[in-house]
Structure formats: C-alpha cells, structure tokens
Amino acid sequence: MKYLVFLLTLMFAIKGPLKAQSAANPWTEKQLMAPGALAERITKGQGNNVMILAVGPDAVIKGSVNAGPAHEAAHLDQLKNLLKTTPKNKEIIIYCGCCPFDRCPNIRPAFKTITDMGFKNVRLLNLEKNIKTNWLDKNYPTND
C-alpha cells in the first residue's frame with residue numbers, strides 16, 4: 001500500500017508541474033542572466049551585493065542559499081522567511097538547474113512568490129539545460 005501511495009504521489013508530481021508549466025513565463029528576457037555573467041561577478045568578488053537563491057534540489061553556486069524545491073508549499077514558506085527582512089530593491093537571482101525551464105516545477109512558483117512579495121530586482125539564472133551542463137561543466141564557482 002505504501003508503495004502504491006508513493007507511485008501515485010510521484011505520478012502527480014510529474015504530471016502536475018508539467019501541466020502547470022504551459023502557462024506564460026512570469027519573467028521577461030531582460031530578467032534572464034547568463035551563467036557566465038554571474039560566474040564572473042562571483043569570481044571578481046562582486047557577488048556580495050546580490051542574494052543568490054537556490055529554489056531547486058541544492059545550493060550549488062558559490063554564495064547561494066538553499067530555499068529548497070519551490071514546488072513544495074513548505075519550501076515556498078522557507079523562501080518567504082528568507083526574504084522577510086530583505087530590502088525590496090535588493091538584487092535577487094534565483095536558479096534551480098534540475099532541467100530546462102519548460103519542465104522545471106520550481107522556477108515559476110519561486111519567481112511568482114518573490115515578485116508577489118514586492119521585490120523589483122529579481123533575475124533568473126538562464127540555465128538552459130541544467131546546473132551540471134551550464135555551471136559545473138564550465139568550472140564556475142561552487143559552494144564546496
């Protein structure tokens with residue numbers, strides 16, 4: 001019985017986010033940031049004035065904070081708590097990296113939550129394939 005519940009939960013998790021991702025993107029092209037641009041800022045020590053939030057499985061990028069997978073309500077609450085004392089004009093860069101945006105269950109809920117909270121300077125790291133291909137394989141800075 002536990003196995004059946006697990007399978008049904010997994011099926012919902014896979015089908016639900018994919019269906020939800022067909023909606024229009026809540027970000028603009030101007031709000032996308034190239035991985036190389038962020039890596040350069042971090043390498044040059046210019047990453048201190050930005051908040052980098054991992055809204056997927058893990059905080060891989062150097063200096064990023066793990067909010068957890070944003071498709072889960074508990075992690076959205078954690079994200080809100082991380083930001084509750086943050087100034088609304090702070091530059092915030094979010095990333096997931098589990099998969100391309102059209103299949104990602106985490107990016108849209110996180111982006112919408114942050115902008116709904118009134119943050120005006122929100123960027124999305126443009127990991128076109130995933131964190132491995134677009135960050136790790138390029139030897140960009142990581143949390144070791």
# chains A, B, ... in the order shown; residues from 1 in each chain; ligands from 1
$ closest_atom_pairs --of "stretch 15-61 of chain A" --to "stretch 124-133 of chain A" --cutoff "8 Å" --atoms "only C-alpha atoms" --output "JSON lines"
{"residue": "A:Trp27", "atom": "CA", "partner": "A:Leu124", "partner_atom": "CA", "distance": 7.9}
{"residue": "A:Gln31", "atom": "CA", "partner": "A:Leu124", "partner_atom": "CA", "distance": 6.1}
{"residue": "A:Leu32", "atom": "CA", "partner": "A:Leu124", "partner_atom": "CA", "distance": 4.9}
{"residue": "A:Met33", "atom": "CA", "partner": "A:Leu125", "partner_atom": "CA", "distance": 4.8}
{"residue": "A:Ala34", "atom": "CA", "partner": "A:Asn126", "partner_atom": "CA", "distance": 5.4}
{"residue": "A:Pro35", "atom": "CA", "partner": "A:Leu125", "partner_atom": "CA", "distance": 6.2}
$ write_last_selection --atoms "N, CA and C atoms" --output "PDB file, in the first residue's frame"
ATOM      1  N   TRP A  27       8.565  35.937 -16.204  1.00  0.00           N
ATOM      2  CA  TRP A  27       9.729  36.805 -16.320  1.00  0.00           C
ATOM      3  C   TRP A  27       9.858  37.306 -17.760  1.00  0.00           C
ATOM      4  N   GLN A  31      15.084  39.918 -17.633  1.00  0.00           N
ATOM      5  CA  GLN A  31      15.282  39.384 -16.289  1.00  0.00           C
ATOM      6  C   GLN A  31      16.113  38.103 -16.275  1.00  0.00           C
ATOM      7  N   LEU A  32      16.488  37.610 -17.442  1.00  0.00           N
ATOM      8  CA  LEU A  32      17.356  36.438 -17.522  1.00  0.00           C
ATOM      9  C   LEU A  32      18.813  36.863 -17.398  1.00  0.00           C
ATOM     10  N   MET A  33      19.597  36.079 -16.670  1.00  0.00           N
ATOM     11  CA  MET A  33      21.029  36.351 -16.521  1.00  0.00           C
ATOM     12  C   MET A  33      21.823  35.164 -17.036  1.00  0.00           C
ATOM     13  N   ALA A  34      22.806  35.435 -17.847  1.00  0.00           N
ATOM     14  CA  ALA A  34      23.676  34.388 -18.375  1.00  0.00           C
ATOM     15  C   ALA A  34      24.540  33.828 -17.249  1.00  0.00           C
ATOM     16  N   PRO A  35      24.715  32.507 -17.214  1.00  0.00           N
ATOM     17  CA  PRO A  35      25.559  31.908 -16.173  1.00  0.00           C
ATOM     18  C   PRO A  35      26.969  32.498 -16.133  1.00  0.00           C
TER      19      PRO A  35
END
$ closest_atom_pairs --of "stretch 61-114 of chain A" --to "stretch 40-53 of chain A" --cutoff "8 Å" --atoms "only C-alpha atoms" --output "tab-separated table"
residue	atom	partner	partner_atom	distance
A:Lys62	CA	A:Ile42	CA	7.4
A:Gly63	CA	A:Ile52	CA	6.8
A:Ser64	CA	A:Ile52	CA	4.6
A:Val65	CA	A:Leu53	CA	5.0
A:Asn66	CA	A:Leu53	CA	6.1
A:Ala67	CA	A:Leu53	CA	6.5
A:Lys90	CA	A:Val50	CA	6.8
A:Glu91	CA	A:Val50	CA	5.1
A:Ile92	CA	A:Met51	CA	4.8
A:Ile93	CA	A:Ile52	CA	4.8
A:Ile94	CA	A:Leu53	CA	4.8
A:Tyr95	CA	A:Leu53	CA	6.5
$ residues_around --residues "stretch 74-77 of chain A" --least-positions-apart "5" --cutoff "8 Å" --atoms "only C-alpha atoms" --output "number ranges by chain"
A: 67-69, 109-110, 113
$ write_last_selection --atoms "N, CA and C atoms" --output "CSV table (one decimal), in the first residue's frame"
chain,number,residue,atom,x,y,z
A,67,ALA,N,16.8,27.5,-0.6
A,67,ALA,CA,15.5,27.6,-0.1
A,67,ALA,C,14.7,26.3,-0.3
A,68,GLY,N,15.2,25.4,-1.0
A,68,GLY,CA,14.5,24.1,-1.3
A,68,GLY,C,13.6,24.2,-2.5
A,69,PRO,N,13.2,23.0,-2.9
A,69,PRO,CA,12.3,22.9,-4.1
A,69,PRO,C,11.0,23.7,-4.0
A,109,PRO,N,6.9,29.0,-9.5
A,109,PRO,CA,6.4,29.3,-8.2
A,109,PRO,C,7.3,30.2,-7.4
A,110,ALA,N,8.6,30.0,-7.5
A,110,ALA,CA,9.6,30.8,-6.8
A,110,ALA,C,9.6,32.3,-7.3
A,113,THR,N,6.3,34.0,-6.4
A,113,THR,CA,6.3,34.3,-4.9
A,113,THR,C,7.1,35.6,-4.6
$ atom_distance --atom1 "atom CA of A:Gly56" --atom2 "atom CA of A:Ile107"
7.9 Å
$ select_by_dssp --residues "chain A" --states "strand (DSSP E)" --output "list in words"
Leu32, Met33, Val50, Met51, Ile52, Leu53, Ala54, Val65, Asn66, Glu91, Ile92, Ile93, Ile94, Tyr95, Val122, Arg123, Leu124 and Leu125 of chain A
$ write_last_selection --atoms "C-alpha atoms" --output "compact mmCIF listing (two decimals), in the first residue's frame"
# COMPACT_ATOMS: atom_id res chain seq x y z
CA LEU A 32 17.36 36.44 -17.52
CA MET A 33 21.03 36.35 -16.52
CA VAL A 50 23.30 40.19 -4.55
CA MET A 51 21.23 37.43 -2.98
CA ILE A 52 21.54 34.15 -4.89
CA LEU A 53 18.78 31.69 -4.06
CA ALA A 54 18.64 28.02 -5.00
CA VAL A 65 21.37 29.99 -0.16
CA ASN A 66 19.20 26.90 -0.38
CA GLU A 91 19.03 42.21 -6.42
CA ILE A 92 17.86 38.61 -6.16
CA ILE A 93 18.99 35.90 -8.56
CA ILE A 94 17.18 32.58 -8.46
CA TYR A 95 18.07 29.28 -10.03
CA VAL A 122 14.54 39.76 -9.48
CA ARG A 123 16.62 37.85 -12.03
CA LEU A 124 16.53 34.26 -13.21
CA LEU A 125 19.77 32.45 -13.96
